[in-house]
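Asker: Structure provided below as structure tokens; questions to follow.
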Amino acid sequence: MTIPMKRILFLLAALLLTLSAAAQNGKSIYQKYSDAENVSAVYISPAMFRLIGRIPDVETGDGKVNLSPVIRSLSGMYIINSENAAINENLRNEAERFIKSGKYELLMEAKDQGETVRMYTVGTEKLINGFVMLAAEQNEVTFICLDGQMPRDEFEKLVSEQLAN
Amino acid sequence: MKTLEEIENLSPEELESKAAEKPAAVPEGLQERIRLALSAQEIVQERRRKTPLWVPFSALAVAAAAATLLILPQRGPKDTFDDPLLAYAEVEKTFQTISEKMSAGVDIAREASASVDFPQTVIDRIQSK
């Protein structure tokens, strides 16, 4: 094999690797695993989030927590809950690769009774562009991915308010 | 001595006869150099011939795959809910789940903090006596 040919192949391989890394996101993970057996999946599109934002007086059952500011800032939600042992490891590995390639920062990690929960965010000090929660038990993996432009203080307030209820 | 213009105006036959009149001396080692140059050319051509056919084809296939990934429009998944109220309820449930998981983490941190505080309290008491 000539040297220029080797260079071309190397460049193409690098291009493919970059493409595959770039292609890895909440949507691709959702599309890959949402139809598998023993998997429950939820996807809410940006259009649906816009519709939710137009519902007047949206509030939770007890009326204490206002989700509206965060909901209006969301543009996509992907949830995969898998109890399929055959895919759990792959799902977890792919989610971790996505987290790494997406430059997510670890927000919290908790290990309790065989369950490991990790939460990650990506964005700036004031704005969250993405949130990922990955919870893994022996037989169950949950992947939650939120996309949007969420004000960090609103998001943290919402989670802490939910926590208080 | 002929000028350049005169030489250029000579016919090929005249040039040939002039060359035959006074044969030029062959530089020393020219034959060896020509032989080496021809051998080198032969080696290069041999290597080119040996490059397997699959290499350019596989390179083309990889390029085509990359182009397909870039060009093809990425179709999005279908919305799980048609009703915004149901979607809203799901979002609320999701935030509840996130909070619960976070709450578990906070509880663990509190327990750890209490375990750290206890020896500190004992040390403080001893020191105050």
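Numbering starts fresh at 1 for the residues of each chain in the structure tokens, the chains themselves are lettered A, B, ... in the order given, and ligands are numbered from 1 as they appear.
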Return the neighbours of chain A among the residues of chain B, cut-off 10 Å, counting only C-alpha atoms, as an MDAnalysis selection string.

Answerer: chainID B and resid 47:48 50:52 55:56 58:60 62:63 65:67 69:70 74:109

Asker: Would you mind exporting N, CA and C atoms of the selected residues as a compact mmCIF listing (two decimals), in the first residue's frame?

Answerer:
```txt
# COMPACT_ATOMS: atom_id res chain seq x y z
N ARG B 47 5.61 -2.12 -7.76
CA ARG B 47 4.91 -1.80 -6.50
C ARG B 47 3.49 -1.31 -6.79
N ARG B 48 3.40 -0.46 -7.80
CA ARG B 48 2.07 0.08 -8.16
C ARG B 48 1.14 -1.05 -8.57
N LYS B 50 1.32 -4.03 -7.52
CA LYS B 50 1.02 -4.91 -6.38
C LYS B 50 -0.04 -4.33 -5.45
N THR B 51 -0.35 -3.04 -5.50
CA THR B 51 -1.36 -2.44 -4.63
C THR B 51 -2.70 -3.16 -4.85
N PRO B 52 -3.23 -3.77 -3.79
CA PRO B 52 -4.44 -4.56 -4.00
C PRO B 52 -5.61 -3.71 -4.48
N VAL B 55 -8.11 -1.82 -2.00
CA VAL B 55 -7.79 -0.59 -1.26
C VAL B 55 -8.54 0.62 -1.82
N PRO B 56 -8.41 0.91 -3.13
CA PRO B 56 -9.18 2.08 -3.62
C PRO B 56 -10.68 1.88 -3.50
N SER B 58 -12.29 0.08 -1.21
CA SER B 58 -12.75 0.24 0.18
C SER B 58 -12.71 1.71 0.58
N ALA B 59 -11.70 2.43 0.07
CA ALA B 59 -11.64 3.87 0.35
C ALA B 59 -12.88 4.57 -0.20
N LEU B 60 -13.27 4.17 -1.40
CA LEU B 60 -14.48 4.75 -2.00
C LEU B 60 -15.71 4.42 -1.17
N VAL B 62 -15.88 3.74 2.05
CA VAL B 62 -15.86 4.50 3.30
C VAL B 62 -16.30 5.95 3.03
N ALA B 63 -15.79 6.51 1.92
CA ALA B 63 -16.17 7.89 1.58
C ALA B 63 -17.67 7.98 1.30
N ALA B 65 -19.99 6.02 2.53
CA ALA B 65 -20.71 5.88 3.80
C ALA B 65 -20.71 7.20 4.56
N ALA B 66 -19.56 7.85 4.57
CA ALA B 66 -19.45 9.14 5.27
C ALA B 66 -20.37 10.17 4.64
N ALA B 67 -20.40 10.19 3.30
CA ALA B 67 -21.25 11.14 2.60
C ALA B 67 -22.72 10.87 2.89
N LEU B 69 -23.97 9.52 5.58
CA LEU B 69 -24.27 9.98 6.95
C LEU B 69 -24.49 11.48 6.98
N LEU B 70 -23.70 12.18 6.18
CA LEU B 70 -23.79 13.65 6.20
C LEU B 70 -25.00 14.16 5.44
N GLN B 74 -31.82 13.37 8.88
CA GLN B 74 -32.04 12.52 10.05
C GLN B 74 -33.50 12.64 10.47
N ARG B 75 -34.22 11.53 10.32
CA ARG B 75 -35.63 11.57 10.70
C ARG B 75 -35.75 11.46 12.21
N GLY B 76 -36.61 12.27 12.79
CA GLY B 76 -36.77 12.25 14.23
C GLY B 76 -37.76 11.19 14.66
N PRO B 77 -37.70 10.80 15.93
CA PRO B 77 -38.67 9.81 16.40
C PRO B 77 -40.07 10.42 16.50
N LYS B 78 -41.06 9.54 16.68
CA LYS B 78 -42.45 10.01 16.74
C LYS B 78 -42.77 10.40 18.18
N ASP B 79 -43.52 11.47 18.34
CA ASP B 79 -43.94 11.88 19.67
C ASP B 79 -44.70 10.75 20.38
N THR B 80 -44.40 10.55 21.64
CA THR B 80 -45.10 9.50 22.39
C THR B 80 -46.54 9.92 22.68
N PHE B 81 -46.75 11.19 22.91
CA PHE B 81 -48.09 11.68 23.25
C PHE B 81 -48.63 12.61 22.17
N ASP B 82 -49.94 12.49 21.94
CA ASP B 82 -50.60 13.44 21.03
C ASP B 82 -51.21 14.59 21.82
N ASP B 83 -51.50 14.31 23.09
CA ASP B 83 -52.19 15.30 23.93
C ASP B 83 -51.16 16.06 24.78
N PRO B 84 -51.11 17.37 24.64
CA PRO B 84 -50.13 18.14 25.43
C PRO B 84 -50.27 17.96 26.93
N LEU B 85 -51.52 17.72 27.39
CA LEU B 85 -51.71 17.55 28.84
C LEU B 85 -51.05 16.26 29.33
N LEU B 86 -51.16 15.22 28.51
CA LEU B 86 -50.50 13.95 28.87
C LEU B 86 -48.98 14.12 28.84
N ALA B 87 -48.53 14.85 27.84
CA ALA B 87 -47.08 15.11 27.72
C ALA B 87 -46.61 15.90 28.95
N TYR B 88 -47.43 16.87 29.34
CA TYR B 88 -47.07 17.67 30.50
C TYR B 88 -46.97 16.80 31.75
N ALA B 89 -47.95 15.90 31.89
CA ALA B 89 -47.95 15.00 33.05
C ALA B 89 -46.68 14.15 33.06
N GLU B 90 -46.24 13.74 31.88
CA GLU B 90 -45.03 12.91 31.79
C GLU B 90 -43.80 13.73 32.18
N VAL B 91 -43.77 14.98 31.74
CA VAL B 91 -42.63 15.85 32.11
C VAL B 91 -42.58 16.03 33.62
N GLU B 92 -43.77 16.22 34.19
CA GLU B 92 -43.85 16.42 35.64
C GLU B 92 -43.34 15.17 36.37
N LYS B 93 -43.78 14.02 35.85
CA LYS B 93 -43.37 12.74 36.45
C LYS B 93 -41.84 12.58 36.34
N THR B 94 -41.31 13.02 35.22
CA THR B 94 -39.87 12.90 35.01
C THR B 94 -39.10 13.75 36.00
N PHE B 95 -39.58 14.98 36.21
CA PHE B 95 -38.91 15.85 37.18
C PHE B 95 -39.03 15.28 38.59
N GLN B 96 -40.16 14.64 38.85
CA GLN B 96 -40.35 13.99 40.15
C GLN B 96 -39.30 12.88 40.33
N THR B 97 -39.11 12.10 39.27
CA THR B 97 -38.11 11.00 39.32
C THR B 97 -36.72 11.57 39.55
N ILE B 98 -36.39 12.64 38.79
CA ILE B 98 -35.06 13.25 38.94
C ILE B 98 -34.87 13.73 40.39
N SER B 99 -35.93 14.35 40.93
CA SER B 99 -35.85 14.86 42.30
C SER B 99 -35.66 13.73 43.31
N GLU B 100 -36.39 12.64 43.09
CA GLU B 100 -36.28 11.51 44.02
C GLU B 100 -34.86 10.94 44.02
N LYS B 101 -34.31 10.81 42.81
CA LYS B 101 -32.95 10.26 42.71
C LYS B 101 -31.96 11.22 43.35
N MET B 102 -32.21 12.52 43.14
CA MET B 102 -31.31 13.51 43.72
C MET B 102 -31.45 13.51 45.24
N SER B 103 -32.69 13.32 45.68
CA SER B 103 -32.96 13.29 47.11
C SER B 103 -32.19 12.14 47.77
N ALA B 104 -32.13 10.99 47.08
CA ALA B 104 -31.38 9.85 47.62
C ALA B 104 -29.91 10.24 47.80
N GLY B 105 -29.38 10.97 46.84
CA GLY B 105 -27.99 11.42 46.92
C GLY B 105 -27.77 12.38 48.07
N VAL B 106 -28.73 13.27 48.24
CA VAL B 106 -28.63 14.27 49.31
C VAL B 106 -28.69 13.56 50.67
N ASP B 107 -29.56 12.54 50.80
CA ASP B 107 -29.68 11.79 52.06
C ASP B 107 -28.35 11.11 52.40
N ILE B 108 -27.74 10.51 51.37
CA ILE B 108 -26.45 9.83 51.61
C ILE B 108 -25.41 10.85 52.08
N ALA B 109 -25.43 12.01 51.45
CA ALA B 109 -24.47 13.07 51.83
C ALA B 109 -24.72 13.53 53.27
```

Asker: Just how far from CA of Leu74 (chain A) is CA of Asn88 (chain A), in Å to one decimal?

Answerer: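 CA of Leu74 (chain A) lies 27.0 Å from CA of Asn88 (chain A).
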
Asker: What parts of chain B does DSSP call helix (DSSP H, G or I)? I'd like the answer as a PyMOL selection string.

Answerer: chain B and resi 4-9+12-21+30-50+54-71+84-128

Asker: When you draw a straight line from CA of Pro151 (chain A) to CA of Leu91 (chain A), how long is it in Å?

Answerer: 28.8 Å

Asker: Between CA of Glu96 (chain A) and CA of Thr124 (chain A), measure the distance and give it in Å to one decimal.

Answerer: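 Rounded to one decimal, the two atoms are 20.7 Å apart.
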
Asker: Enumerate as a list in words all residues of region 58-126 of chain A assigned to strand (DSSP E) by DSSP on the backbone, naming them with the chain letters and numbers the document uses.

Answerer: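 Residues of region 58-126 of chain A classed as strand (DSSP E): Leu74, Ser75, Gly76, Met77, Tyr78, Ile79, Ile80, Asn81, Ser82, Glu105, Leu106, Leu107, Met108, Glu109, Ala110, Lys111, Asp112, Glu115, Thr116, Val117, Arg118, Met119, Tyr120, Thr121, Val122 and Gly123 of chain A.
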